[in-house]
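Text of the file data-v7.cif, holding mmCIF, C-alpha atoms:
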data_model
loop_
_atom_site.group_PDB
_atom_site.id
_atom_site.type_symbol
_atom_site.label_atom_id
_atom_site.label_comp_id
_atom_site.auth_asym_id
_atom_site.auth_seq_id
_atom_site.Cartn_x
_atom_site.Cartn_y
_atom_site.Cartn_z
ATOM 1 C CA MET Y 1 4.767 -5.785 19.604
ATOM 2 C CA ALA Y 2 8.330 -6.030 18.343
ATOM 3 C CA THR Y 3 9.730 -5.454 14.894
ATOM 4 C CA THR Y 4 10.935 -8.597 13.168
ATOM 5 C CA ASP Y 5 13.643 -8.231 10.539
ATOM 6 C CA GLY Y 6 13.771 -10.851 7.796
ATOM 7 C CA GLY Y 7 16.211 -11.279 4.934
ATOM 8 C CA LEU Y 8 15.857 -9.766 1.505
ATOM 9 C CA ALA Y 9 17.054 -13.059 0.041
ATOM 10 C CA GLY Y 10 19.280 -11.255 -2.433
ATOM 11 C CA ARG Y 11 16.416 -9.307 -3.953
ATOM 12 C CA THR Y 12 17.330 -5.689 -4.620
ATOM 13 C CA GLU Y 13 13.837 -4.531 -5.477
ATOM 14 C CA HIS Y 14 11.326 -5.091 -2.666
ATOM 15 C CA VAL Y 15 7.633 -5.782 -2.817
ATOM 16 C CA MET Y 16 6.707 -2.194 -2.034
ATOM 17 C CA ALA Y 17 7.794 -0.965 -5.480
ATOM 18 C CA GLU Y 18 4.648 1.072 -6.027
ATOM 19 C CA VAL Y 19 5.794 3.000 -9.061
ATOM 20 C CA ARG Y 20 7.055 -0.028 -10.971
ATOM 21 C CA GLU Y 21 3.996 -2.205 -10.654
ATOM 22 C CA ASP Y 22 3.635 -4.309 -13.791
ATOM 23 C CA ASP Y 23 3.856 -7.932 -14.881
ATOM 24 C CA ALA Y 24 5.346 -7.476 -18.329
ATOM 25 C CA GLY Y 25 8.873 -8.650 -17.461
ATOM 26 C CA GLU Y 26 12.300 -7.081 -17.649
ATOM 27 C CA SER Y 27 11.558 -5.003 -20.748
ATOM 28 C CA ALA Y 28 8.728 -3.178 -18.983
ATOM 29 C CA GLN Y 29 10.852 -2.641 -15.877
ATOM 30 C CA ARG Y 30 13.474 -0.958 -18.042
ATOM 31 C CA THR Y 31 10.777 1.231 -19.593
ATOM 32 C CA MET Y 32 9.280 2.323 -16.275
ATOM 33 C CA THR Y 33 11.228 4.659 -14.013
ATOM 34 C CA PRO Y 34 12.342 2.440 -11.111
ATOM 35 C CA PHE Y 35 12.929 4.935 -8.251
ATOM 36 C CA ASP Y 36 14.808 2.075 -6.568
ATOM 37 C CA ASP Y 37 16.854 4.317 -4.303
ATOM 38 C CA ILE Y 38 13.922 5.777 -2.330
ATOM 39 C CA TYR Y 39 12.278 2.676 -0.888
ATOM 40 C CA ASP Y 40 14.656 1.648 1.861
ATOM 41 C CA GLN Y 41 16.332 4.750 3.203
ATOM 42 C CA ALA Y 42 16.675 5.684 6.851
ATOM 43 C CA ASP Y 43 13.644 7.994 6.606
ATOM 44 C CA PRO Y 44 10.879 8.875 4.102
ATOM 45 C CA ARG Y 45 12.117 12.247 2.856
ATOM 46 C CA ALA Y 46 13.428 11.029 -0.507
ATOM 47 C CA PHE Y 47 10.226 9.057 -1.065
ATOM 48 C CA PHE Y 48 8.068 12.154 -0.688
ATOM 49 C CA ARG Y 49 10.467 14.434 -2.547
ATOM 50 C CA GLU Y 50 10.885 12.257 -5.619
ATOM 51 C CA LEU Y 51 7.357 10.866 -5.919
ATOM 52 C CA GLY Y 52 5.876 14.236 -5.071
ATOM 53 C CA ALA Y 53 7.545 15.646 -8.151
ATOM 54 C CA PHE Y 54 5.315 13.353 -10.227
ATOM 55 C CA GLY Y 55 2.114 13.791 -8.226
ATOM 56 C CA TYR Y 56 1.935 10.339 -6.624
ATOM 57 C CA ARG Y 57 -1.627 9.980 -5.219
ATOM 58 C CA THR Y 58 -2.607 6.349 -4.514
ATOM 59 C CA PRO Y 59 -2.602 6.539 -0.684
ATOM 60 C CA HIS Y 60 -4.840 9.621 -0.939
ATOM 61 C CA HIS Y 61 -7.445 7.657 -2.887
ATOM 62 C CA ALA Y 62 -7.201 4.746 -0.471
ATOM 63 C CA GLN Y 63 -7.541 6.768 2.724
ATOM 64 C CA ARG Y 64 -11.327 7.044 3.002
ATOM 65 C CA VAL Y 65 -11.954 3.561 1.599
ATOM 66 C CA PHE Y 66 -9.549 1.932 4.053
ATOM 67 C CA ARG Y 67 -11.033 3.868 6.980
ATOM 68 C CA ARG Y 68 -14.524 2.650 6.082
ATOM 69 C CA LEU Y 69 -13.335 -0.927 5.685
ATOM 70 C CA ALA Y 70 -11.397 -0.869 8.952
ATOM 71 C CA ALA Y 71 -14.474 0.419 10.801
ATOM 72 C CA LEU Y 72 -16.493 -2.476 9.382
ATOM 73 C CA ARG Y 73 -13.948 -5.181 10.022
ATOM 74 C CA LEU Y 74 -12.214 -4.409 13.325
ATOM 75 C CA ARG Y 75 -14.577 -4.835 16.244
ATOM 76 C CA SER Y 76 -12.690 -6.767 18.937
ATOM 77 C CA PRO Y 77 -9.315 -6.587 20.746
ATOM 78 C CA GLY Y 78 -6.531 -8.320 18.878
ATOM 79 C CA GLU Y 79 -7.955 -7.642 15.416
ATOM 80 C CA VAL Y 80 -5.613 -5.835 13.027
ATOM 81 C CA VAL Y 81 -5.187 -4.353 9.574
ATOM 82 C CA LEU Y 82 -2.262 -5.811 7.637
ATOM 83 C CA ASP Y 83 -0.775 -3.373 5.119
ATOM 84 C CA LEU Y 84 1.152 -5.310 2.476
ATOM 85 C CA CYS Y 85 4.146 -3.544 0.915
ATOM 86 C CA CYS Y 86 3.697 -0.944 3.640
ATOM 87 C CA SER Y 87 6.865 1.076 3.049
ATOM 88 C CA TYR Y 88 7.338 3.806 5.682
ATOM 89 C CA GLY Y 89 3.820 3.322 7.078
ATOM 90 C CA ILE Y 90 2.112 5.843 4.810
ATOM 91 C CA ASN Y 91 -1.242 4.062 4.722
ATOM 92 C CA ALA Y 92 -1.138 3.663 8.495
ATOM 93 C CA ALA Y 93 -0.413 7.378 8.853
ATOM 94 C CA LEU Y 94 -3.442 8.277 6.747
ATOM 95 C CA LEU Y 95 -5.692 5.652 8.307
ATOM 96 C CA ASN Y 96 -5.076 6.604 11.916
ATOM 97 C CA HIS Y 97 -4.285 10.329 11.884
ATOM 98 C CA GLU Y 98 -6.043 13.560 11.006
ATOM 99 C CA LEU Y 99 -3.667 14.082 8.112
ATOM 100 C CA THR Y 100 -3.887 14.052 4.327
ATOM 101 C CA LEU Y 101 -1.306 12.882 1.829
ATOM 102 C CA ASP Y 102 -0.674 16.540 0.988
ATOM 103 C CA ASP Y 103 0.030 17.164 4.682
ATOM 104 C CA LEU Y 104 2.688 14.449 4.574
ATOM 105 C CA TYR Y 105 4.231 15.916 1.428
ATOM 106 C CA ALA Y 106 4.407 19.325 3.101
ATOM 107 C CA HIS Y 107 5.782 17.832 6.304
ATOM 108 C CA TYR Y 108 8.614 15.828 4.760
ATOM 109 C CA THR Y 109 9.684 18.438 2.207
ATOM 110 C CA SER Y 110 9.598 21.412 4.592
ATOM 111 C CA PRO Y 111 12.856 23.299 5.205
ATOM 112 C CA ARG Y 112 12.726 22.201 8.852
ATOM 113 C CA ALA Y 113 12.505 18.508 7.970
ATOM 114 C CA VAL Y 114 15.128 18.781 5.237
ATOM 115 C CA ALA Y 115 17.636 20.217 7.729
ATOM 116 C CA MET Y 116 17.238 17.401 10.281
ATOM 117 C CA THR Y 117 19.234 14.230 10.671
ATOM 118 C CA SER Y 118 17.268 11.000 10.383
ATOM 119 C CA GLU Y 119 17.393 10.605 14.152
ATOM 120 C CA GLU Y 120 16.119 14.134 14.698
ATOM 121 C CA LEU Y 121 13.348 13.601 12.181
ATOM 122 C CA ALA Y 122 12.242 10.381 13.866
ATOM 123 C CA GLU Y 123 12.043 12.129 17.220
ATOM 124 C CA HIS Y 124 10.098 14.977 15.668
ATOM 125 C CA ASP Y 125 7.742 12.543 13.932
ATOM 126 C CA ARG Y 126 6.892 10.738 17.141
ATOM 127 C CA GLY Y 127 5.405 13.939 18.496
ATOM 128 C CA PHE Y 128 3.926 14.933 15.141
ATOM 129 C CA PHE Y 129 1.918 11.753 14.771
ATOM 130 C CA ARG Y 130 0.894 11.662 18.436
ATOM 131 C CA ALA Y 131 -0.559 15.146 18.054
ATOM 132 C CA HIS Y 132 -2.680 14.080 15.064
ATOM 133 C CA ARG Y 133 -3.794 10.639 16.298
ATOM 134 C CA ARG Y 134 -7.463 9.838 15.717
ATOM 135 C CA ARG Y 135 -9.598 8.588 18.590
ATOM 136 C CA ASP Y 136 -10.777 5.689 16.443
ATOM 137 C CA ALA Y 137 -7.267 4.579 15.464
ATOM 138 C CA VAL Y 138 -6.940 0.863 14.760
ATOM 139 C CA PRO Y 139 -3.968 -1.509 15.087
ATOM 140 C CA VAL Y 140 -1.932 -1.721 11.875
ATOM 141 C CA VAL Y 141 0.696 -4.354 11.088
ATOM 142 C CA GLY Y 142 3.124 -3.672 8.258
ATOM 143 C CA LEU Y 143 4.830 -6.167 5.964
ATOM 144 C CA ASP Y 144 7.552 -5.097 3.537
ATOM 145 C CA ALA Y 145 10.920 -6.488 2.494
ATOM 146 C CA ALA Y 146 12.613 -3.127 3.221
ATOM 147 C CA PRO Y 147 14.062 -3.211 6.757
ATOM 148 C CA ASN Y 148 14.903 0.492 7.025
ATOM 149 C CA ALA Y 149 11.405 1.564 5.992
ATOM 150 C CA ILE Y 150 9.821 -0.880 8.441
ATOM 151 C CA ALA Y 151 12.144 0.266 11.228
ATOM 152 C CA TYR Y 152 11.238 3.909 10.662
ATOM 153 C CA ALA Y 153 7.509 3.246 10.652
ATOM 154 C CA ARG Y 154 7.866 1.334 13.913
ATOM 155 C CA ALA Y 155 10.135 3.924 15.503
ATOM 156 C CA VAL Y 156 7.692 6.801 14.968
ATOM 157 C CA GLY Y 157 4.649 4.824 16.115
ATOM 158 C CA LEU Y 158 2.848 4.272 12.819
ATOM 159 C CA LEU Y 159 2.895 0.470 12.990
ATOM 160 C CA ASP Y 160 1.903 -1.676 15.953
ATOM 161 C CA ALA Y 161 4.112 -4.392 14.506
ATOM 162 C CA GLY Y 162 6.374 -4.444 11.465
ATOM 163 C CA PHE Y 163 7.960 -7.321 9.598
ATOM 164 C CA ALA Y 164 10.790 -6.901 7.094
ATOM 165 C CA GLU Y 165 10.121 -10.168 5.309
ATOM 166 C CA ASN Y 166 9.671 -11.184 1.682
ATOM 167 C CA LEU Y 167 7.227 -14.086 1.637
ATOM 168 C CA GLU Y 168 7.783 -14.535 -2.086
ATOM 169 C CA THR Y 169 11.280 -15.828 -1.370
ATOM 170 C CA ALA Y 170 11.177 -17.200 2.190
ATOM 171 C CA PRO Y 171 8.558 -18.613 4.561
ATOM 172 C CA PRO Y 172 7.139 -16.301 7.239
ATOM 173 C CA THR Y 173 8.602 -16.181 10.699
ATOM 174 C CA ARG Y 174 6.668 -17.538 13.638
ATOM 175 C CA ASP Y 175 6.237 -13.997 14.995
ATOM 176 C CA LEU Y 176 4.519 -12.905 11.782
ATOM 177 C CA LEU Y 177 2.233 -15.931 11.788
ATOM 178 C CA ASP Y 178 1.280 -15.251 15.404
ATOM 179 C CA VAL Y 179 0.252 -11.682 14.549
ATOM 180 C CA ALA Y 180 -1.502 -12.863 11.377
ATOM 181 C CA ARG Y 181 -4.118 -14.661 13.469
ATOM 182 C CA GLY Y 182 -5.762 -11.312 14.126
ATOM 183 C CA ILE Y 183 -5.874 -10.036 10.527
ATOM 184 C CA ARG Y 184 -9.347 -8.851 9.529
ATOM 185 C CA LEU Y 185 -8.388 -6.586 6.616
ATOM 186 C CA ILE Y 186 -5.456 -6.714 4.177
ATOM 187 C CA THR Y 187 -4.649 -3.492 2.315
ATOM 188 C CA VAL Y 188 -2.409 -2.907 -0.715
ATOM 189 C CA THR Y 189 -1.629 0.343 -2.519
ATOM 190 C CA GLY Y 190 1.428 -0.775 -4.466
ATOM 191 C CA GLY Y 191 3.533 -3.755 -5.394
ATOM 192 C CA ALA Y 192 0.691 -6.145 -6.233
ATOM 193 C CA SER Y 193 2.542 -7.444 -9.294
ATOM 194 C CA PHE Y 194 5.289 -8.731 -7.002
ATOM 195 C CA LEU Y 195 2.779 -10.695 -4.904
ATOM 196 C CA SER Y 196 1.460 -14.199 -5.420
ATOM 197 C CA ARG Y 197 -0.070 -17.055 -3.454
ATOM 198 C CA ALA Y 198 3.308 -17.402 -1.693
ATOM 199 C CA THR Y 199 2.528 -14.183 0.191
ATOM 200 C CA PHE Y 200 -1.201 -14.613 0.647
ATOM 201 C CA GLN Y 201 -1.407 -18.290 1.584
ATOM 202 C CA PRO Y 202 0.320 -18.229 4.993
ATOM 203 C CA LEU Y 203 -1.498 -15.045 5.947
ATOM 204 C CA LEU Y 204 -4.941 -16.370 5.035
ATOM 205 C CA ASP Y 205 -4.231 -19.783 6.528
ATOM 206 C CA SER Y 206 -3.169 -18.213 9.830
ATOM 207 C CA ALA Y 207 -6.058 -15.744 10.206
ATOM 208 C CA ARG Y 208 -8.747 -16.836 12.680
ATOM 209 C CA THR Y 209 -11.398 -15.092 10.531
ATOM 210 C CA LEU Y 210 -11.131 -14.849 6.766
ATOM 211 C CA PRO Y 211 -9.951 -11.268 6.084
ATOM 212 C CA TRP Y 212 -11.133 -8.956 3.351
ATOM 213 C CA VAL Y 213 -8.489 -7.861 0.822
ATOM 214 C CA ALA Y 214 -8.566 -4.326 -0.628
ATOM 215 C CA ALA Y 215 -6.006 -3.490 -3.327
ATOM 216 C CA PHE Y 216 -5.357 -0.507 -5.580
ATOM 217 C CA VAL Y 217 -3.583 -2.025 -8.598
ATOM 218 C CA LEU Y 218 -2.013 -0.402 -11.655
ATOM 219 C CA ARG Y 219 -3.977 -1.018 -14.835
ATOM 220 C CA THR Y 220 -0.758 -1.978 -16.635
ATOM 221 C CA GLY Y 221 -0.866 -5.375 -14.900
ATOM 222 C CA SER Y 222 -3.432 -8.080 -14.244
ATOM 223 C CA TYR Y 223 -4.921 -8.782 -10.822
ATOM 224 C CA THR Y 224 -6.557 -11.965 -12.116
ATOM 225 C CA PRO Y 225 -3.982 -14.447 -10.704
ATOM 226 C CA ILE Y 226 -4.402 -13.048 -7.202
ATOM 227 C CA ALA Y 227 -8.194 -12.859 -7.515
ATOM 228 C CA GLU Y 228 -8.292 -16.473 -8.667
ATOM 229 C CA TYR Y 229 -6.176 -17.570 -5.733
ATOM 230 C CA LEU Y 230 -8.350 -15.638 -3.275
ATOM 231 C CA ALA Y 231 -11.409 -17.312 -4.792
ATOM 232 C CA GLY Y 232 -9.955 -20.638 -3.739
ATOM 233 C CA HIS Y 233 -10.102 -19.364 -0.168
ATOM 234 C CA GLY Y 234 -13.755 -18.358 -0.528
ATOM 235 C CA LEU Y 235 -13.183 -14.696 -1.321
ATOM 236 C CA THR Y 236 -15.058 -13.062 -4.203
ATOM 237 C CA THR Y 237 -13.166 -10.184 -5.826
ATOM 238 C CA GLU Y 238 -15.093 -7.189 -7.154
ATOM 239 C CA THR Y 239 -13.535 -4.424 -9.218
ATOM 240 C CA TYR Y 240 -14.894 -0.925 -8.784
ATOM 241 C CA THR Y 241 -16.133 0.270 -12.177
ATOM 242 C CA GLY Y 242 -17.274 3.776 -11.274
ATOM 243 C CA ARG Y 243 -13.873 5.287 -11.917
ATOM 244 C CA THR Y 244 -10.151 4.646 -11.930
ATOM 245 C CA PHE Y 245 -7.655 6.406 -9.662
ATOM 246 C CA VAL Y 246 -4.655 8.499 -10.679
ATOM 247 C CA GLN Y 247 -1.364 7.063 -9.471
ATOM 248 C CA ARG Y 248 1.266 9.488 -10.803
ATOM 249 C CA ARG Y 249 2.396 11.389 -13.887
ATOM 250 C CA PHE Y 250 4.664 9.697 -16.373
ATOM 251 C CA THR Y 251 8.340 10.544 -16.290
ATOM 252 C CA SER Y 252 8.837 10.252 -20.054
ATOM 253 C CA ALA Y 253 7.093 9.663 -23.360
ATOM 254 C CA ALA Y 254 8.539 6.140 -23.406
ATOM 255 C CA GLU Y 255 6.996 5.352 -20.044
ATOM 256 C CA GLN Y 256 3.644 6.675 -21.216
ATOM 257 C CA GLN Y 257 3.753 4.577 -24.377
ATOM 258 C CA TYR Y 258 4.589 1.488 -22.331
ATOM 259 C CA ALA Y 259 1.537 2.142 -20.114
ATOM 260 C CA ILE Y 260 -0.797 2.730 -23.068
ATOM 261 C CA ASP Y 261 0.372 -0.490 -24.730
ATOM 262 C CA ALA Y 262 0.132 -2.528 -21.500
ATOM 263 C CA VAL Y 263 -3.350 -1.272 -20.625
ATOM 264 C CA THR Y 264 -4.571 -1.937 -24.157
ATOM 265 C CA ALA Y 265 -3.088 -5.445 -24.064
ATOM 266 C CA HIS Y 266 -5.140 -6.132 -20.930
ATOM 267 C CA GLY Y 267 -8.321 -5.152 -22.769
ATOM 268 C CA GLU Y 268 -8.765 -1.758 -21.083
ATOM 269 C CA ASP Y 269 -9.157 1.652 -22.716
ATOM 270 C CA PRO Y 270 -6.348 4.152 -22.018
ATOM 271 C CA ASP Y 271 -8.279 7.092 -23.517
ATOM 272 C CA GLY Y 272 -8.480 9.994 -21.081
ATOM 273 C CA LYS Y 273 -6.386 8.121 -18.531
ATOM 274 C CA GLU Y 274 -2.959 6.832 -19.492
ATOM 275 C CA SER Y 275 -3.249 8.695 -22.798
ATOM 276 C CA ALA Y 276 -3.791 11.896 -20.798
ATOM 277 C CA GLY Y 277 -0.491 11.562 -18.946
ATOM 278 C CA HIS Y 278 -0.956 9.472 -15.772
ATOM 279 C CA PHE Y 279 -0.736 5.913 -14.559
ATOM 280 C CA HIS Y 280 -4.132 4.841 -13.192
ATOM 281 C CA THR Y 281 -5.079 2.169 -10.675
ATOM 282 C CA ALA Y 282 -8.237 0.122 -10.211
ATOM 283 C CA LEU Y 283 -9.700 -0.810 -6.824
ATOM 284 C CA HIS Y 284 -10.308 -4.502 -6.143
ATOM 285 C CA LEU Y 285 -12.085 -5.747 -3.013
ATOM 286 C CA ALA Y 286 -12.255 -9.434 -2.073
ATOM 287 C CA ARG Y 287 -14.860 -10.612 0.441
ATOM 288 C CA PRO Y 288 -16.833 -13.766 1.188
ATOM 289 C CA ALA Y 289 -19.840 -13.931 -1.138
ATOM 290 C CA ALA Y 290 -22.205 -13.434 1.804
ATOM 291 C CA ASP Y 291 -20.569 -10.049 2.537
ATOM 292 C CA VAL Y 292 -20.506 -8.635 -0.987
ATOM 293 C CA SER Y 293 -23.481 -6.320 -0.508
ATOM 294 C CA LYS Y 294 -22.775 -5.378 3.124
ATOM 295 C CA PRO Y 295 -22.261 -2.622 2.027
ATOM 296 C CA SER Y 296 -21.793 -2.590 -1.732
ATOM 297 C CA LEU Y 297 -18.422 -1.615 -3.153
ATOM 298 C CA GLY Y 298 -20.030 1.427 -4.758
ATOM 299 C CA GLU Y 299 -21.264 2.613 -1.363
ATOM 300 C CA LEU Y 300 -17.843 2.131 0.188
ATOM 301 C CA VAL Y 301 -16.169 4.264 -2.466
ATOM 302 C CA ALA Y 302 -18.792 6.927 -3.079
ATOM 303 C CA ARG Y 303 -20.286 7.782 0.298
#

As structure tokens, please, write out the structure in this file.
Amino acid sequence: MATTDGGLAGRTEHVMAEVREDDAGESAQRTMTPFDDIYDQADPRAFFRELGAFGYRTPHHAQRVFRRLAALRLRSPGEVVLDLCCSYGINAALLNHELTLDDLYAHYTSPRAVAMTSEELAEHDRGFFRAHRRRDAVPVVGLDAAPNAIAYARAVGLLDAGFAENLETAPPTRDLLDVARGIRLITVTGGASFLSRATFQPLLDSARTLPWVAAFVLRTGSYTPIAEYLAGHGLTTETYTGRTFVQRRFTSAAEQQYAIDAVTAHGEDPDGKESAGHFHTALHLARPAADVSKPSLGELVAR
């Protein structure tokens, strides 16, 4: 499958912006550290270096859950996982390879990797990921408005197809819609606040079978608008209540105060979570009502 490059439509921040996820407007974006310069570079080294400094963990929490969901959902040729806001293919790397997020941090911040050119690193990564490929690897399609990140993930073999398109600002290409027919699972670990029905509608309308949607979403924002839209497509959204999931440490006292205020405004308790120094995410899983207990969300997370 070929990479399809779409326009950014003048938008400087792309939908992958995992560390800025909020819906509180420009004031909140100024309060949160943007990390804008790491999302669309020629390779992922800056991403891992800068986010690693603040203990970014969301893909780690998602790894086992996404593997379990993919095993349940993908049973036939042509069926795929679609990773929204996929960045450099990090979720695909963890889904399909015997690697942890800590392994990726060590890999991309090692003296050997730091000394390479982007071209040398890409060549090295092709062999690195081949050597760690799981036998039960599943096809993963990536969607992100960052063309360099998509290109890298495709070049090193993490994505079976990649689309640098922003569906919030432009309609999907025919190539994306063709691939979307096989979507059985949609995954999100960042950028949910930038997504709306504009992104989900063409994907759900194109899929031959209604996909499940699994999203780790910062507690500073509300997932309700997306959940309500998914409900209109026959998908019931559950939120895992057994725990929340650390995203990263705060970069400043101002950022922490913003998070505490935003979480409180959404009716959640920041005590022991945001008040203790970290952004936290919640896991939301949308499925048809008939599938809600097959298995339960608690079983998917805990087992």

Test item: residues at most 7 Å from Phe216 (chain Y), all atoms listed in the file, excluding those fewer than 4 positions along its chain, as a PyMOL selection string: chain Y and resi 188-190+281-284

Residue neighbourhood region 222-232 of chain Y, 10 Å, only C-alpha atoms, exclusion window fewer than 6 positions, as a VMD selection string: chain Y and resid 22 to 24 192 to 193 195 to 197 200 to 201 204 212 to 213 215 to 216 238 to 239 262 to 263 266 282 284 to 289

Neighbour list for Gly142 (chain Y) as a PyMOL selection string, cut-off 8 Å, only C-alpha atoms, skip fewer than 6 positions in-chain: chain Y and resi 82-87+89+150+159+161-163

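Going from CA of Thr109 (chain Y) over to CA of Asp125 (chain Y), you cover 13.3 Å.
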
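Counting only C-alpha atoms and comparing Y:Phe194, Y:Phe279, Y:Tyr258, Y:Tyr88, the residue that lies closest to Val156 (chain Y) is Y:Tyr88.
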
Separation of CA of Leu235 (chain Y) from CA of Asp291 (chain Y) in Å: 9.5 Å

CA of Gly272 (chain Y) to CA of Arg243 (chain Y), distance in Å rounded to a single decimal: 11.6 Å

Residue list as a PyMOL selection string for point (15.7, 6.6, 3.4), cut-off 12 Å, only C-alpha atoms: chain Y and resi 36-50+87-88+108+117-119+121-122+146-153

Taking all listed atoms of region 287-292 of chain Y, build the axis-aligned box, pad each of the six sides by 8 Å, then write its centre and edge lengths in Å to one decimal as JSON.
{"center_x": -18.5, "center_y": -11.3, "center_z": 0.7, "size_x": 23.3, "size_y": 21.3, "size_z": 19.7}

Just the residues within 9 Å of Ile90 (chain Y), please, counting only C-alpha atoms, with nothing from its chain fewer than 6 positions along; format it as a compact mmCIF listing (two decimals) with C-alpha atoms, in the frame of the given file.
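Heads up, here's the output in out20.txt:
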# COMPACT_ATOMS: atom_id res chain seq x y z
CA PRO Y 59 -2.60 6.54 -0.68
CA LEU Y 101 -1.31 12.88 1.83
CA LEU Y 104 2.69 14.45 4.57
CA ALA Y 153 7.51 3.25 10.65
CA LEU Y 158 2.85 4.27 12.82

Residue list as a VMD selection string for point (2.1, -19.9, 10.7), cut-off 12 Å, all atoms listed in the file: chain Y and resid 167 171 to 181 199 to 208

Selection result of the PyMOL selection byres ((chain Y and resi 76) around 12) on this file, as a PyMOL selection string: chain Y and resi 70-75+77-80+138-139+182-184+209

Please rebuild region 101-115 of chain Y with N, CA and C atoms and give the result as a PDB file, keeping the file's coordinate frame.
ATOM      1  N   LEU Y 101      -2.562  13.137   2.525  1.00  0.00           N
ATOM      2  CA  LEU Y 101      -1.306  12.882   1.829  1.00  0.00           C
ATOM      3  C   LEU Y 101      -0.581  14.191   1.545  1.00  0.00           C
ATOM      4  N   ASP Y 102      -1.312  15.241   1.210  1.00  0.00           N
ATOM      5  CA  ASP Y 102      -0.674  16.540   0.988  1.00  0.00           C
ATOM      6  C   ASP Y 102      -0.005  17.055   2.261  1.00  0.00           C
ATOM      7  N   ASP Y 103      -0.609  16.786   3.415  1.00  0.00           N
ATOM      8  CA  ASP Y 103       0.030  17.164   4.682  1.00  0.00           C
ATOM      9  C   ASP Y 103       1.375  16.457   4.834  1.00  0.00           C
ATOM     10  N   LEU Y 104       1.431  15.191   4.462  1.00  0.00           N
ATOM     11  CA  LEU Y 104       2.688  14.449   4.574  1.00  0.00           C
ATOM     12  C   LEU Y 104       3.725  14.976   3.590  1.00  0.00           C
ATOM     13  N   TYR Y 105       3.297  15.299   2.367  1.00  0.00           N
ATOM     14  CA  TYR Y 105       4.231  15.916   1.428  1.00  0.00           C
ATOM     15  C   TYR Y 105       4.808  17.211   2.010  1.00  0.00           C
ATOM     16  N   ALA Y 106       3.944  18.056   2.539  1.00  0.00           N
ATOM     17  CA  ALA Y 106       4.407  19.325   3.101  1.00  0.00           C
ATOM     18  C   ALA Y 106       5.329  19.097   4.288  1.00  0.00           C
ATOM     19  N   HIS Y 107       4.992  18.124   5.114  1.00  0.00           N
ATOM     20  CA  HIS Y 107       5.782  17.832   6.304  1.00  0.00           C
ATOM     21  C   HIS Y 107       7.190  17.387   5.942  1.00  0.00           C
ATOM     22  N   TYR Y 108       7.306  16.430   5.026  1.00  0.00           N
ATOM     23  CA  TYR Y 108       8.614  15.828   4.760  1.00  0.00           C
ATOM     24  C   TYR Y 108       9.464  16.623   3.780  1.00  0.00           C
ATOM     25  N   THR Y 109       8.884  17.592   3.101  1.00  0.00           N
ATOM     26  CA  THR Y 109       9.684  18.438   2.207  1.00  0.00           C
ATOM     27  C   THR Y 109       9.886  19.846   2.767  1.00  0.00           C
ATOM     28  N   SER Y 110       9.445  20.089   3.994  1.00  0.00           N
ATOM     29  CA  SER Y 110       9.598  21.412   4.592  1.00  0.00           C
ATOM     30  C   SER Y 110      11.073  21.700   4.883  1.00  0.00           C
ATOM     31  N   PRO Y 111      11.467  22.966   4.877  1.00  0.00           N
ATOM     32  CA  PRO Y 111      12.856  23.299   5.205  1.00  0.00           C
ATOM     33  C   PRO Y 111      13.287  22.748   6.559  1.00  0.00           C
ATOM     34  N   ARG Y 112      12.382  22.726   7.531  1.00  0.00           N
ATOM     35  CA  ARG Y 112      12.726  22.201   8.852  1.00  0.00           C
ATOM     36  C   ARG Y 112      13.072  20.716   8.777  1.00  0.00           C
ATOM     37  N   ALA Y 113      12.247  19.943   8.079  1.00  0.00           N
ATOM     38  CA  ALA Y 113      12.505  18.508   7.970  1.00  0.00           C
ATOM     39  C   ALA Y 113      13.759  18.230   7.154  1.00  0.00           C
ATOM     40  N   VAL Y 114      13.964  18.988   6.095  1.00  0.00           N
ATOM     41  CA  VAL Y 114      15.128  18.781   5.237  1.00  0.00           C
ATOM     42  C   VAL Y 114      16.426  18.984   6.012  1.00  0.00           C
ATOM     43  N   ALA Y 115      16.424  19.888   6.983  1.00  0.00           N
ATOM     44  CA  ALA Y 115      17.636  20.217   7.729  1.00  0.00           C
ATOM     45  C   ALA Y 115      17.960  19.215   8.835  1.00  0.00           C
TER      46      ALA Y 115
END
